[in-house]
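**Student:** Contents of coords-v8.cif (mmCIF, C-alpha atoms) are given next:
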```cif
data_query
loop_
_atom_site.label_atom_id
_atom_site.label_comp_id
_atom_site.auth_asym_id
_atom_site.auth_seq_id
_atom_site.Cartn_x
_atom_site.Cartn_y
_atom_site.Cartn_z
CA MET J 1336 -92.33 55.84 -51.24
CA SER J 1337 -92.65 52.14 -51.47
CA ALA J 1338 -92.53 49.57 -48.74
CA ASP J 1339 -90.30 47.64 -51.14
CA LEU J 1340 -87.53 50.15 -50.75
CA GLU J 1341 -87.82 49.98 -46.98
CA ASN J 1342 -87.59 46.21 -47.13
CA ASP J 1343 -84.60 46.35 -49.42
CA ILE J 1344 -82.83 48.81 -47.12
CA ALA J 1345 -83.67 46.65 -44.11
CA ALA J 1346 -82.07 43.69 -45.87
CA LEU J 1347 -78.89 45.71 -46.39
CA LEU J 1348 -78.56 46.75 -42.75
CA PRO J 1349 -76.07 44.05 -41.72
CA ARG J 1350 -73.74 45.03 -44.57
CA LEU J 1351 -74.18 48.74 -43.91
CA ARG J 1352 -73.32 48.21 -40.25
CA ARG J 1353 -70.26 46.19 -41.17
CA PHE J 1354 -69.05 48.89 -43.57
CA ALA J 1355 -69.74 51.60 -41.00
CA ARG J 1356 -67.81 49.62 -38.40
CA SER J 1357 -64.83 49.55 -40.73
CA ILE J 1358 -64.73 53.31 -41.33
CA THR J 1359 -65.55 54.61 -37.83
CA PHE J 1360 -63.72 54.04 -34.58
CA HIS J 1361 -66.51 53.02 -32.30
CA ARG J 1362 -69.46 50.69 -32.63
CA GLU J 1363 -71.98 53.25 -31.36
CA ASP J 1364 -70.72 55.80 -33.87
CA ALA J 1365 -71.00 53.16 -36.57
CA ASP J 1366 -74.64 52.56 -35.71
CA ASP J 1367 -75.30 56.30 -35.52
CA VAL J 1368 -73.92 56.65 -39.02
CA VAL J 1369 -76.19 53.88 -40.29
CA GLN J 1370 -79.23 55.35 -38.55
CA ILE J 1371 -78.61 58.75 -40.09
CA ALA J 1372 -78.02 57.16 -43.49
CA VAL J 1373 -81.31 55.26 -43.34
CA GLU J 1374 -83.16 58.43 -42.38
CA ARG J 1375 -81.54 60.34 -45.20
CA ALA J 1376 -82.21 57.59 -47.73
CA LEU J 1377 -85.90 57.61 -46.87
CA THR J 1378 -86.21 61.37 -47.10
CA ARG J 1379 -84.65 61.36 -50.53
CA ALA J 1380 -85.97 58.08 -51.84
CA GLU J 1381 -86.94 59.79 -55.08
CA GLN J 1382 -83.25 60.29 -55.85
CA TRP J 1383 -82.64 56.58 -56.04
CA GLN J 1384 -83.09 55.25 -59.54
CA THR J 1385 -84.79 51.90 -59.74
CA GLY J 1386 -82.56 49.50 -61.59
CA THR J 1387 -79.35 50.92 -60.19
CA ARG J 1388 -77.58 49.27 -57.30
CA LEU J 1389 -79.21 50.11 -54.02
CA ASP J 1390 -76.17 48.94 -52.08
CA SER J 1391 -73.83 51.38 -53.83
CA TRP J 1392 -76.31 54.21 -53.25
CA MET J 1393 -76.63 53.34 -49.56
CA PHE J 1394 -72.88 52.98 -49.08
CA ARG J 1395 -72.45 56.47 -50.50
CA ILE J 1396 -75.03 57.85 -48.07
CA VAL J 1397 -73.31 56.05 -45.18
CA LYS J 1398 -69.98 57.54 -46.22
CA ASN J 1399 -71.48 61.03 -46.43
CA ALA J 1400 -73.24 60.66 -43.08
CA TRP J 1401 -69.89 59.86 -41.51
CA ILE J 1402 -68.08 62.72 -43.23
CA ASP J 1403 -70.56 65.50 -42.71
CA GLU J 1404 -72.17 64.61 -39.46
CA VAL J 1405 -70.70 62.03 -37.17
CA ARG J 1406 -66.96 62.38 -37.76
CA SER J 1407 -66.69 65.76 -36.07
CA ARG J 1408 -68.07 64.35 -32.84
CA ALA J 1409 -66.73 60.83 -33.18
CA ARG J 1410 -65.39 58.87 -30.27
CA ARG J 1411 -61.77 58.06 -30.89
CA ASP J 1412 -60.58 57.51 -27.39
CA GLN J 1413 -62.29 54.24 -26.89
CA LEU J 1414 -61.83 52.08 -29.89
CA PHE J 1415 -63.49 49.04 -28.42
CA ALA J 1416 -66.37 49.10 -26.05
CA PRO J 1417 -65.42 47.28 -22.85
CA GLU J 1418 -67.91 44.49 -23.39
CA GLU J 1419 -66.37 43.82 -26.75
CA GLU J 1420 -63.01 42.98 -25.28
CA GLY J 1421 -64.23 39.69 -23.94
CA GLU J 1422 -66.90 39.13 -26.52
CA HIS J 1423 -66.88 36.20 -28.90
CA VAL J 1424 -63.98 34.63 -27.11
CA GLY J 1425 -66.21 31.71 -26.35
CA ASP J 1426 -66.99 30.81 -29.92
CA ASP J 1427 -63.87 32.35 -31.35
CA THR J 1428 -60.43 30.97 -30.81
CA ALA J 1429 -58.16 33.27 -28.84
CA ALA J 1430 -55.87 33.64 -31.83
CA ALA J 1431 -58.69 34.63 -34.17
CA HIS J 1432 -59.88 37.12 -31.59
CA GLN J 1433 -56.42 38.66 -31.34
CA GLN J 1434 -56.18 38.83 -35.09
CA ARG J 1435 -59.54 40.56 -35.30
CA MET J 1436 -58.48 43.15 -32.73
CA ALA J 1437 -55.18 43.69 -34.53
CA VAL J 1438 -56.93 44.36 -37.83
CA GLU J 1439 -59.44 46.75 -36.24
CA LYS J 1440 -56.62 48.60 -34.55
CA ALA J 1441 -54.58 48.82 -37.75
CA MET J 1442 -57.64 50.03 -39.68
CA SER J 1443 -58.13 52.82 -37.17
CA LEU J 1444 -54.63 54.08 -37.90
CA LEU J 1445 -55.18 54.35 -41.64
CA SER J 1446 -56.11 57.59 -43.35
CA GLU J 1447 -59.78 58.18 -44.04
CA ASP J 1448 -59.41 57.53 -47.77
CA HIS J 1449 -57.64 54.28 -47.09
CA ARG J 1450 -60.22 53.07 -44.57
CA MET J 1451 -63.01 53.79 -47.02
CA VAL J 1452 -61.49 51.86 -49.87
CA ILE J 1453 -60.54 48.91 -47.65
CA GLY J 1454 -64.02 48.96 -46.12
CA LEU J 1455 -65.69 48.77 -49.51
CA VAL J 1456 -63.44 46.31 -51.32
CA LEU J 1457 -61.96 44.03 -48.66
CA VAL J 1458 -64.58 44.19 -45.93
CA ASP J 1459 -67.70 44.29 -48.07
CA GLY J 1460 -66.26 42.75 -51.20
CA LEU J 1461 -67.64 45.31 -53.64
CA PRO J 1462 -66.20 45.08 -57.15
CA TYR J 1463 -63.76 47.86 -58.03
CA LYS J 1464 -66.24 49.48 -60.38
CA GLU J 1465 -68.92 49.84 -57.71
CA ALA J 1466 -66.42 50.96 -55.09
CA ALA J 1467 -65.17 53.67 -57.46
CA GLU J 1468 -68.75 54.84 -57.94
CA VAL J 1469 -69.41 54.98 -54.22
CA LEU J 1470 -66.30 57.09 -53.72
CA ASP J 1471 -66.88 59.18 -56.85
CA ILE J 1472 -63.43 58.51 -58.18
CA PRO J 1473 -62.13 57.07 -61.47
CA MET J 1474 -61.15 53.40 -61.60
CA GLY J 1475 -57.46 54.24 -61.91
CA THR J 1476 -57.60 56.28 -58.73
CA LEU J 1477 -59.43 53.50 -56.99
CA THR J 1478 -56.87 50.84 -57.84
CA SER J 1479 -53.88 52.96 -56.91
CA ARG J 1480 -55.55 54.07 -53.69
CA LEU J 1481 -56.44 50.49 -52.84
CA ALA J 1482 -52.89 49.35 -53.50
CA ARG J 1483 -51.48 52.05 -51.21
CA ALA J 1484 -54.07 51.33 -48.55
CA ARG J 1485 -53.15 47.66 -48.56
CA GLU J 1486 -49.47 48.45 -48.27
CA ALA J 1487 -50.16 50.74 -45.32
CA LEU J 1488 -52.33 48.14 -43.63
CA GLN J 1489 -49.82 45.35 -44.24
CA GLU J 1490 -47.12 47.56 -42.79
CA LEU J 1491 -49.14 48.30 -39.65
CA LEU J 1492 -49.97 44.65 -39.13
CA SER J 1493 -46.42 43.46 -39.60
CA ASP J 1494 -45.07 46.19 -37.31
CA ARG J 1495 -47.39 44.96 -34.68
CA ALA J 1496 -46.36 41.36 -35.20
CA ARG J 1497 -42.70 42.35 -34.91
CA ASN J 1498 -43.28 44.35 -31.75
CA LYS J 1499 -44.97 41.43 -30.11
CA ARG J 1500 -42.09 39.08 -30.60
CA MET C 1131 -39.83 39.60 -59.91
CA SER C 1132 -41.46 39.48 -63.29
CA SER C 1133 -42.86 42.35 -65.26
CA ILE C 1134 -46.31 42.10 -63.66
CA ASP C 1135 -46.97 45.13 -61.51
CA ASP C 1136 -48.33 45.06 -57.98
CA GLU C 1137 -51.69 46.51 -58.93
CA THR C 1138 -52.27 43.70 -61.40
CA LEU C 1139 -51.39 41.11 -58.77
CA MET C 1140 -53.75 42.81 -56.37
CA ALA C 1141 -56.53 42.84 -58.97
CA TYR C 1142 -55.89 39.15 -59.55
CA ALA C 1143 -56.22 38.42 -55.83
CA ASP C 1144 -59.44 40.43 -55.79
CA GLY C 1145 -60.90 38.51 -58.72
CA GLU C 1146 -60.99 41.56 -60.96
CA LEU C 1147 -59.09 40.22 -63.98
CA ASP C 1148 -60.54 38.62 -67.07
CA ALA C 1149 -59.60 35.10 -68.14
CA GLU C 1150 -56.75 36.15 -70.36
CA GLN C 1151 -55.18 38.37 -67.72
CA CYS C 1152 -55.64 35.65 -65.12
CA ALA C 1153 -53.81 33.15 -67.30
CA HIS C 1154 -50.96 35.61 -67.68
CA VAL C 1155 -50.67 36.10 -63.90
CA GLU C 1156 -50.92 32.37 -63.20
CA GLN C 1157 -48.17 31.66 -65.66
CA ALA C 1158 -45.99 34.21 -63.89
CA MET C 1159 -46.87 32.65 -60.52
CA ARG C 1160 -45.70 29.27 -61.72
CA ALA C 1161 -42.52 30.69 -63.15
CA ASP C 1162 -41.60 32.88 -60.21
CA PRO C 1163 -42.17 31.92 -56.55
CA GLN C 1164 -41.87 35.58 -55.58
CA VAL C 1165 -44.89 36.41 -57.70
CA ALA C 1166 -46.80 33.54 -56.15
CA ALA C 1167 -45.84 34.76 -52.68
CA ALA C 1168 -46.92 38.31 -53.50
CA VAL C 1169 -50.35 37.09 -54.60
CA GLU C 1170 -50.59 34.97 -51.49
CA ARG C 1171 -49.87 38.01 -49.29
CA GLN C 1172 -52.63 39.96 -51.01
CA ARG C 1173 -55.07 37.10 -50.54
CA ALA C 1174 -54.11 36.60 -46.91
CA LEU C 1175 -54.59 40.29 -46.12
CA ARG C 1176 -57.96 40.28 -47.81
CA ALA C 1177 -59.01 37.19 -45.85
CA ASP C 1178 -57.80 38.65 -42.54
CA VAL C 1179 -59.57 41.96 -43.03
CA PHE C 1180 -62.75 40.24 -44.17
CA ALA C 1181 -62.68 37.89 -41.18
CA ALA C 1182 -62.13 40.75 -38.74
CA PHE C 1183 -65.46 42.34 -39.61
CA ALA C 1184 -67.46 39.30 -40.66
CA GLY C 1185 -68.95 38.83 -37.21
CA VAL C 1186 -70.90 42.08 -37.54
CA LEU C 1187 -73.22 40.36 -40.01
CA ASP C 1188 -74.37 37.95 -37.31
CA GLU C 1189 -75.09 40.61 -34.72
CA PRO C 1190 -78.73 41.52 -34.17
CA VAL C 1191 -79.50 44.86 -35.83
CA PRO C 1192 -80.62 47.47 -33.28
CA ALA C 1193 -84.27 48.45 -33.75
CA ARG C 1194 -83.39 52.11 -34.13
CA LEU C 1195 -81.69 51.38 -37.46
CA GLN C 1196 -84.75 49.83 -39.06
CA PRO C 1197 -86.33 51.89 -41.85
CA ALA C 1198 -89.69 51.83 -40.09
CA ALA C 1199 -88.11 53.52 -37.06
CA ALA C 1200 -86.39 56.05 -39.28
CA ARG C 1201 -89.66 56.83 -41.03
CA GLU C 1202 -91.43 57.49 -37.75
CA GLU C 1203 -88.50 59.55 -36.65
CA ALA C 1204 -88.63 61.64 -39.81
CA ALA C 1205 -92.37 62.16 -39.37
CA ALA C 1206 -91.85 63.30 -35.79
CA GLN C 1207 -89.17 65.77 -36.79
CA PRO C 1208 -90.44 69.31 -37.26
CA ARG C 1209 -90.61 70.14 -40.92
CA VAL C 1210 -89.06 73.25 -42.27
CA ARG C 1211 -91.25 76.10 -41.24
CA VAL C 1212 -91.93 77.19 -44.75
CA ASP C 1213 -95.61 77.15 -43.93
CA LEU C 1214 -95.02 80.05 -41.59
CA LEU C 1215 -93.18 81.89 -44.29
CA ALA C 1216 -96.12 81.30 -46.57
CA GLN C 1217 -98.43 82.74 -43.96
CA ALA C 1218 -96.20 85.75 -43.78
CA GLY C 1219 -97.15 86.54 -47.34
CA ALA C 1220 -94.53 84.74 -49.34
CA THR C 1221 -95.18 82.55 -52.34
CA PRO C 1222 -95.70 78.94 -51.23
CA LEU C 1223 -92.57 76.89 -51.70
CA PRO C 1224 -92.32 73.85 -53.91
CA PRO C 1225 -91.57 70.64 -51.99
CA ARG C 1226 -87.94 70.60 -53.03
CA TRP C 1227 -86.92 74.14 -53.01
CA HIS C 1228 -83.75 75.69 -54.08
CA TRP C 1229 -81.70 78.50 -52.66
CA ARG C 1230 -82.62 80.78 -55.51
CA GLN C 1231 -86.19 80.41 -54.50
CA TRP C 1232 -85.14 81.07 -50.96
CA GLY C 1233 -83.44 84.21 -52.16
CA ALA C 1234 -86.63 85.41 -53.78
CA ILE C 1235 -88.56 84.71 -50.64
CA ALA C 1236 -86.00 86.36 -48.45
CA ALA C 1237 -86.19 89.38 -50.70
CA SER C 1238 -89.90 89.58 -50.23
CA LEU C 1239 -89.66 89.49 -46.48
CA ALA C 1240 -88.13 91.70 -43.91
CA ALA C 1241 -85.37 89.87 -42.10
CA GLY C 1242 -87.19 90.28 -38.83
CA VAL C 1243 -90.25 88.49 -40.11
CA LEU C 1244 -88.08 85.70 -41.39
CA ALA C 1245 -86.26 85.31 -38.11
CA GLY C 1246 -89.53 85.42 -36.24
CA ALA C 1247 -91.13 82.90 -38.54
CA LEU C 1248 -88.33 80.49 -37.85
CA GLY C 1249 -88.80 80.78 -34.16
CA TRP C 1250 -85.55 82.51 -33.59
CA GLN C 1251 -85.41 84.71 -30.52
CA GLN C 1252 -83.72 88.05 -30.54
CA ILE C 1253 -80.33 87.74 -28.89
CA ASN C 1254 -80.43 89.15 -25.37
CA GLY C 1255 -82.20 92.30 -26.41
CA GLY C 1256 -79.29 93.19 -28.70
CA ASP C 1257 -80.20 94.91 -31.90
CA ALA C 1258 -77.95 92.75 -34.04
CA THR C 1259 -80.33 90.70 -36.18
CA PRO C 1260 -78.64 87.53 -37.38
CA PHE C 1261 -80.03 87.70 -40.90
CA GLY C 1262 -80.17 90.43 -43.44
CA ARG C 1263 -80.70 90.99 -47.12
CA GLN C 1264 -78.10 91.56 -49.74
CA GLY C 1265 -79.51 91.81 -53.23
CA ASP C 1266 -81.78 88.83 -53.56
CA ALA C 1267 -79.88 86.75 -51.03
CA LEU C 1268 -80.26 86.13 -47.36
CA VAL C 1269 -76.97 86.85 -45.57
CA ALA C 1270 -75.62 86.42 -42.04
CA ARG C 1271 -75.23 89.48 -39.85
CA GLY C 1272 -74.13 90.33 -36.35
CA GLU C 1273 -73.12 87.55 -34.02
CA LEU C 1274 -73.84 84.90 -36.61
CA ALA C 1275 -71.61 86.51 -39.21
CA ASP C 1276 -68.86 87.00 -36.62
CA ALA C 1277 -69.02 83.39 -35.51
CA LEU C 1278 -68.95 82.11 -39.09
CA SER C 1279 -65.95 84.25 -39.92
CA GLN C 1280 -63.94 83.76 -36.78
CA ARG C 1281 -64.78 80.63 -34.86
CA LEU C 1282 -63.53 77.15 -35.55
CA SER C 1283 -65.89 74.20 -35.29
CA ALA C 1284 -63.82 72.70 -32.49
CA ASP C 1285 -63.88 75.87 -30.36
CA ALA C 1286 -65.88 75.61 -27.18
CA ALA C 1287 -69.47 76.69 -27.66
CA GLN C 1288 -69.84 80.35 -26.98
CA GLY C 1289 -72.91 82.52 -27.26
CA THR C 1290 -75.89 81.22 -29.18
CA VAL C 1291 -74.21 80.13 -32.39
CA ARG C 1292 -73.04 76.56 -32.79
CA LEU C 1293 -70.93 75.63 -35.76
CA GLY C 1294 -71.16 72.29 -37.51
CA VAL C 1295 -69.00 71.28 -40.42
CA SER C 1296 -66.97 73.39 -42.80
CA PHE C 1297 -66.31 72.33 -46.35
CA GLN C 1298 -65.50 73.53 -49.80
CA ALA C 1299 -68.36 73.56 -52.27
CA ARG C 1300 -67.99 72.38 -55.83
CA ASP C 1301 -67.76 75.99 -56.99
CA GLY C 1302 -64.77 76.51 -54.66
CA ALA C 1303 -66.58 78.62 -52.05
CA TYR C 1304 -66.30 77.73 -48.39
CA CYS C 1305 -69.50 76.79 -46.61
CA ARG C 1306 -70.28 76.12 -42.96
CA SER C 1307 -73.32 74.66 -41.26
CA PHE C 1308 -74.56 76.31 -38.10
CA LYS C 1309 -77.26 76.32 -35.49
CA LEU C 1310 -78.69 79.40 -33.89
CA GLY C 1311 -81.16 78.51 -31.21
CA SER C 1312 -83.60 76.17 -32.86
CA THR C 1313 -82.74 77.39 -36.34
CA ALA C 1314 -80.17 75.54 -38.43
CA GLY C 1315 -78.69 76.56 -41.71
CA LEU C 1316 -75.88 76.55 -44.17
CA ALA C 1317 -73.79 79.63 -44.94
CA CYS C 1318 -71.48 79.97 -47.94
CA ARG C 1319 -68.83 82.64 -48.31
CA ASP C 1320 -69.46 84.78 -51.34
CA ALA C 1321 -68.10 88.21 -52.16
CA GLY C 1322 -67.20 89.02 -48.58
CA ALA C 1323 -70.51 87.95 -47.07
CA TRP C 1324 -71.98 84.73 -45.71
CA ARG C 1325 -74.90 83.91 -47.94
CA ILE C 1326 -77.45 81.58 -46.45
CA PRO C 1327 -78.90 79.26 -49.06
CA VAL C 1328 -80.78 77.12 -46.56
CA LEU C 1329 -82.38 77.79 -43.23
CA ALA C 1330 -84.54 75.31 -41.40
CA GLN C 1331 -86.04 74.44 -38.11
CA ALA C 1332 -83.68 72.13 -36.24
CA GLY C 1333 -84.93 68.94 -34.65
CA GLU C 1334 -85.13 69.08 -30.90
CA ALA C 1335 -83.11 66.55 -28.96
CA ALA C 1336 -86.25 65.33 -27.35
CA ARG C 1337 -88.25 62.15 -27.15
CA GLY C 1338 -86.67 60.63 -24.09
CA GLY C 1339 -83.14 60.51 -25.39
CA TYR C 1340 -84.08 58.09 -28.15
CA ARG C 1341 -83.26 60.80 -30.60
CA GLN C 1342 -79.77 61.55 -29.39
CA ALA C 1343 -77.96 59.30 -31.80
CA GLY C 1344 -79.78 60.55 -34.83
CA SER C 1345 -79.37 63.56 -36.91
CA GLU C 1346 -79.05 66.90 -35.17
CA MET C 1347 -79.19 68.87 -38.36
CA PRO C 1348 -82.49 68.94 -40.26
CA ALA C 1349 -82.51 66.82 -43.39
CA THR C 1350 -82.93 69.95 -45.50
CA VAL C 1351 -79.58 71.27 -44.33
CA LEU C 1352 -77.89 67.89 -44.72
CA ASP C 1353 -79.24 67.60 -48.24
CA ALA C 1354 -77.92 71.05 -49.01
CA ILE C 1355 -74.49 69.98 -47.76
CA ASP C 1356 -74.51 66.80 -49.81
CA GLU C 1357 -75.53 68.72 -52.91
CA ARG C 1358 -72.65 71.13 -52.58
CA ILE C 1359 -69.76 69.38 -50.94
CA ALA C 1360 -66.66 68.70 -53.01
CA GLY C 1361 -64.75 65.84 -51.42
CA ALA C 1362 -64.68 65.65 -47.66
CA SER C 1363 -65.36 68.24 -45.01
CA LEU C 1364 -62.41 70.23 -43.71
CA ASP C 1365 -60.41 68.82 -40.85
CA ALA C 1366 -59.35 71.10 -38.00
CA ALA C 1367 -56.09 72.18 -39.66
CA ALA C 1368 -57.68 72.91 -43.04
CA GLU C 1369 -60.48 74.80 -41.37
CA ARG C 1370 -58.03 76.93 -39.45
CA ALA C 1371 -56.06 77.65 -42.62
CA ALA C 1372 -59.24 78.66 -44.45
CA ARG C 1373 -60.27 80.92 -41.57
CA ASP C 1374 -56.84 82.54 -41.49
CA ARG C 1375 -57.17 83.27 -45.21
CA GLY C 1376 -60.48 85.01 -44.52
CA TRP C 1377 -62.37 82.14 -46.22
CA GLN C 1378 -61.09 83.31 -49.58
CA ARG C 1379 -61.13 80.64 -52.22
CA PRO C 1380 -57.67 79.12 -52.49
#
```
What would you get if you wrote out this structure as structure tokens?

**Tutor:**
Amino acid sequence: MSADLENDIAALLPRLRRFARSITFHREDADDVVQIAVERALTRAEQWQTGTRLDSWMFRIVKNAWIDEVRSRARRDQLFAPEEEGEHVGDDTAAAHQQRMAVEKAMSLLSEDHRMVIGLVLVDGLPYKEAAEVLDIPMGTLTSRLARAREALQELLSDRARNKR
Amino acid sequence: MSSIDDETLMAYADGELDAEQCAHVEQAMRADPQVAAAVERQRALRADVFAAFAGVLDEPVPARLQPAAAREEAAAQPRVRVDLLAQAGATPLPPRWHWRQWGAIAASLAAGVLAGALGWQQINGGDATPFGRQGDALVARGELADALSQRLSADAAQGTVRLGVSFQARDGAYCRSFKLGSTAGLACRDAGAWRIPVLAQAGEAARGGYRQAGSEMPATVLDAIDERIAGASLDAAAERAARDRGWQRP
């Protein structure tokens, strides 16, 4: 197995962590998912075809690591680690911080399918075609799922805004 | 609102449309403020969600996630004890072996040898061996078979069997991962028995706690799950329903 692949995976780590953060409920679980995914990717490096998108392949492994290993023992009770509550407030405006927390909270209330599709398309910015490949679904399913996920998320965010007033 | 559907507006906001389609949407946006507002809502949601997670990219990546750490970790993990099976007189296994090959090997070995080779200890002097032969397949017996048939993954640990995930394989059969002492495996329901396509030595949760976050199941078992799983693993309700149906294919 080549050092190139290791380097390429290392370069993807920030994006993999961000995606994992969007589909799990806890930052430690998110990192666990990424760690497991990296281990799995290296043990089956021969399954990756040079010339295909490494990011899509890695996102799929991250998704699977969550589904078949971490999810069953995932921390749900504590969405945000205590230190995170006050984090970034310094270089973040209070309003942006609130908005960030609101989105994370709303994401956690979505169904698994919806979190995945939002995590791939809106959080990472993957094109529809690649997102559909990661999720192993046809394009039509992807677009309708994405549309429903957005509606659900919009609903949750506007409910919250209403309740605050 | 115009005739443009919501999915098209969404695709426009996501930059997924070609030039001609874009022109069509933009014309509609100019003609109808409601269309323009709908596109704006889609864009705003996208921007908010993106911004909420963008900060993760700037965080330092923990060392344990680096491929070099994972490689060392994988090297430190005990490999499948197929070497012991080979010593026991079986044909050496190819590097990426398949359950059919396992079946052939299981058939050539007494279950006791197999269990012994995998480091599994006899349960409390009981005579119920956890593995047996059925045709050319390795199947679960005794406490292992009972646990696979009856217990739910969320049930409190009981006895020596620990259950992992349950899922439906592409061929429709239900499969469950399990650990028995230091042996881990995958069992799939077939013709009233739990066939075991994969059995491996589980990684120990050792190495000063560093390991704890990583994979508890050996990569061989995880690979076997990935190869078979259709969709997602079962949630608690679906697992209960499958159990109550006797793990019959729906």

**Student:** Would you kindly return, as a list in words, each protein, DNA or RNA residue with an atom no farther than 8 Å from any atom of region 1192-1195 of chain C, considering only C-alpha atoms and excluding same-chain residues fewer than 4 positions away?

**Tutor:**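 Here the qualifying residues turn out to be Leu1348, Asp1366, Val1369, Gln1370 and Val1373 of chain J; Ala1199 and Ala1200 of chain C.
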
**Student:** Could I get the residues of chain C with an atom no further than 7 Å from an atom of chain J, each paired with its nearest atom pair and that distance in Å to one decimal, using all atoms listed in the file, sorted by chain and residue number, as a tab-separated table?

**Tutor:**
```
residue	atom	partner	partner_atom	distance
C:Glu1137	CA	J:Ala1482	CA	6.2
C:Arg1176	CA	J:Leu1457	CA	5.5
C:Val1179	CA	J:Val1458	CA	6.2
C:Phe1180	CA	J:Val1458	CA	4.7
C:Ala1182	CA	J:Arg1435	CA	4.3
C:Phe1183	CA	J:Arg1353	CA	6.3
C:Val1186	CA	J:Arg1353	CA	5.5
C:Leu1187	CA	J:Pro1349	CA	5.0
C:Val1191	CA	J:Pro1349	CA	6.9
C:Arg1194	CA	J:Gln1370	CA	6.9
C:Leu1195	CA	J:Gln1370	CA	4.8
C:Gln1196	CA	J:Ala1345	CA	6.1
C:Pro1197	CA	J:Glu1341	CA	5.7
C:Ala1200	CA	J:Glu1374	CA	5.1
C:Arg1201	CA	J:Glu1374	CA	6.8
C:Ala1204	CA	J:Glu1374	CA	6.8
C:Val1295	CA	J:Asp1403	CA	6.4
C:Ala1343	CA	J:Asp1367	CA	5.5
C:Gly1344	CA	J:Ile1371	CA	5.7
C:Ser1345	CA	J:Ile1371	CA	5.8
C:Ala1349	CA	J:Arg1375	CA	6.8
C:Ala1362	CA	J:Ile1402	CA	6.3
C:Ser1363	CA	J:Asp1403	CA	6.3
```

**Student:** Show me, as an mmCIF file with C-alpha atoms, keeping the file's coordinate frame, the residues that have an atom within 9 Å of Ala1284 (chain C) when counting all atoms listed in the file, minus same-chain residues fewer than 6 positions from it.

**Tutor:**
```cif
data_model
loop_
_atom_site.group_PDB
_atom_site.id
_atom_site.type_symbol
_atom_site.label_atom_id
_atom_site.label_comp_id
_atom_site.auth_asym_id
_atom_site.auth_seq_id
_atom_site.Cartn_x
_atom_site.Cartn_y
_atom_site.Cartn_z
ATOM 1 C CA SER J 1407 -66.690 65.760 -36.070
ATOM 2 C CA LEU C 1293 -70.930 75.630 -35.760
ATOM 3 C CA GLY C 1294 -71.160 72.290 -37.510
ATOM 4 C CA ALA C 1366 -59.350 71.100 -38.000
#
```

**Student:** Edge lengths and centre in Å to one decimal, as AutoDock Vina command-line options, is what I'm after for the box along x, y and z that holds all listed atoms of region 1154-1161 of chain C once 6 Å is added on each side.

**Tutor:**
```
--center_x -46.7 --center_y 32.7 --center_z -64.1 --size_x 20.4 --size_y 18.8 --size_z 19.2
```

**Student:** With all atoms listed in the file as the basis for distance, which of C:Leu1310, C:Ala1161, C:Ala1277, C:Leu1175 is at the shortest distance from Ala1487 (chain J)?

**Tutor:** C:Leu1175

**Student:** Report, in Å to a single decimal, how far apart CA of Leu1389 (chain J) and CA of Leu1147 (chain C) are.

**Tutor:**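 Between CA of Leu1147 (chain C) and CA of Leu1389 (chain J) the gap is 24.5 Å.
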
**Student:** Point out the residue among C:Gly1322, C:Gly1315, C:Pro1380, C:Gly1272 with the least atom-to-atom distance to Ala1354 (chain C), counting all atoms listed in the file.

**Tutor:**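 Going through C:Gly1322, C:Gly1315, C:Pro1380, C:Gly1272 one by one, the smallest distance to Ala1354 (chain C) is for C:Gly1315.
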
**Student:** Between CA of Ala1371 (chain C) and CA of Gln1298 (chain C), what is the distance, to one decimal in Å?

**Tutor:** 12.6 Å

**Student:** Env of Gly1289 (chain C): 12 Å cut, atoms = only C-alpha atoms, seq-sep filter 4 positions within chain, self excluded. Answer as an mmCIF file with C-alpha atoms, keeping the file's coordinate frame.

**Tutor:**
```cif
data_model
loop_
_atom_site.group_PDB
_atom_site.id
_atom_site.type_symbol
_atom_site.label_atom_id
_atom_site.label_comp_id
_atom_site.auth_asym_id
_atom_site.auth_seq_id
_atom_site.Cartn_x
_atom_site.Cartn_y
_atom_site.Cartn_z
ATOM 1 C CA ILE C 1253 -80.330 87.740 -28.890
ATOM 2 C CA ASN C 1254 -80.430 89.150 -25.370
ATOM 3 C CA GLU C 1273 -73.120 87.550 -34.020
ATOM 4 C CA LEU C 1274 -73.840 84.900 -36.610
ATOM 5 C CA ASP C 1276 -68.860 87.000 -36.620
ATOM 6 C CA ALA C 1277 -69.020 83.390 -35.510
ATOM 7 C CA ARG C 1281 -64.780 80.630 -34.860
ATOM 8 C CA ASP C 1285 -63.880 75.870 -30.360
ATOM 9 C CA LEU C 1293 -70.930 75.630 -35.760
ATOM 10 C CA LYS C 1309 -77.260 76.320 -35.490
ATOM 11 C CA LEU C 1310 -78.690 79.400 -33.890
ATOM 12 C CA GLY C 1311 -81.160 78.510 -31.210
#
```

**Student:** For Arg1292 (chain C), which of C:Thr1350, C:Gln1172, C:Thr1313, C:Gln1164 is the closest residue, counting all atoms listed in the file?

**Tutor:**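 Among C:Thr1350, C:Gln1172, C:Thr1313, C:Gln1164, it is C:Thr1313 that comes nearest to Arg1292 (chain C).
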
**Student:** Would you please work out which residue, of C:Gly1361, C:Pro1327, C:Gly1376, C:Pro1348, is nearest to Ala1270 (chain C) when using all atoms listed in the file?

**Tutor:**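 The shortest atom-to-atom distance to Ala1270 (chain C) comes from C:Pro1327.
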
**Student:** Just give me the gap between CA of Ala1141 (chain C) and CA of Thr1359 (chain J) in Å, one decimal is fine.

**Tutor:**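 CA of Thr1359 (chain J) lies at a distance of 25.8 Å from CA of Ala1141 (chain C).
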
**Student:** Just say which residues the PyMOL selection byres ((chain C and resi 1370) around 12) picks in this file, as a list in words.

**Tutor:**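 When the PyMOL selection byres ((chain C and resi 1370) around 12) is applied to the shown file, the picked residues are Ser1279, Gln1280, Arg1281, Leu1282, Ser1283, Ala1284, Asp1285, Ser1296, Phe1297, Leu1364, Asp1365, Ala1366, Ala1367, Ala1368, Glu1369, Ala1371, Ala1372, Arg1373, Asp1374, Arg1375, Gly1376 and Trp1377 of chain C.
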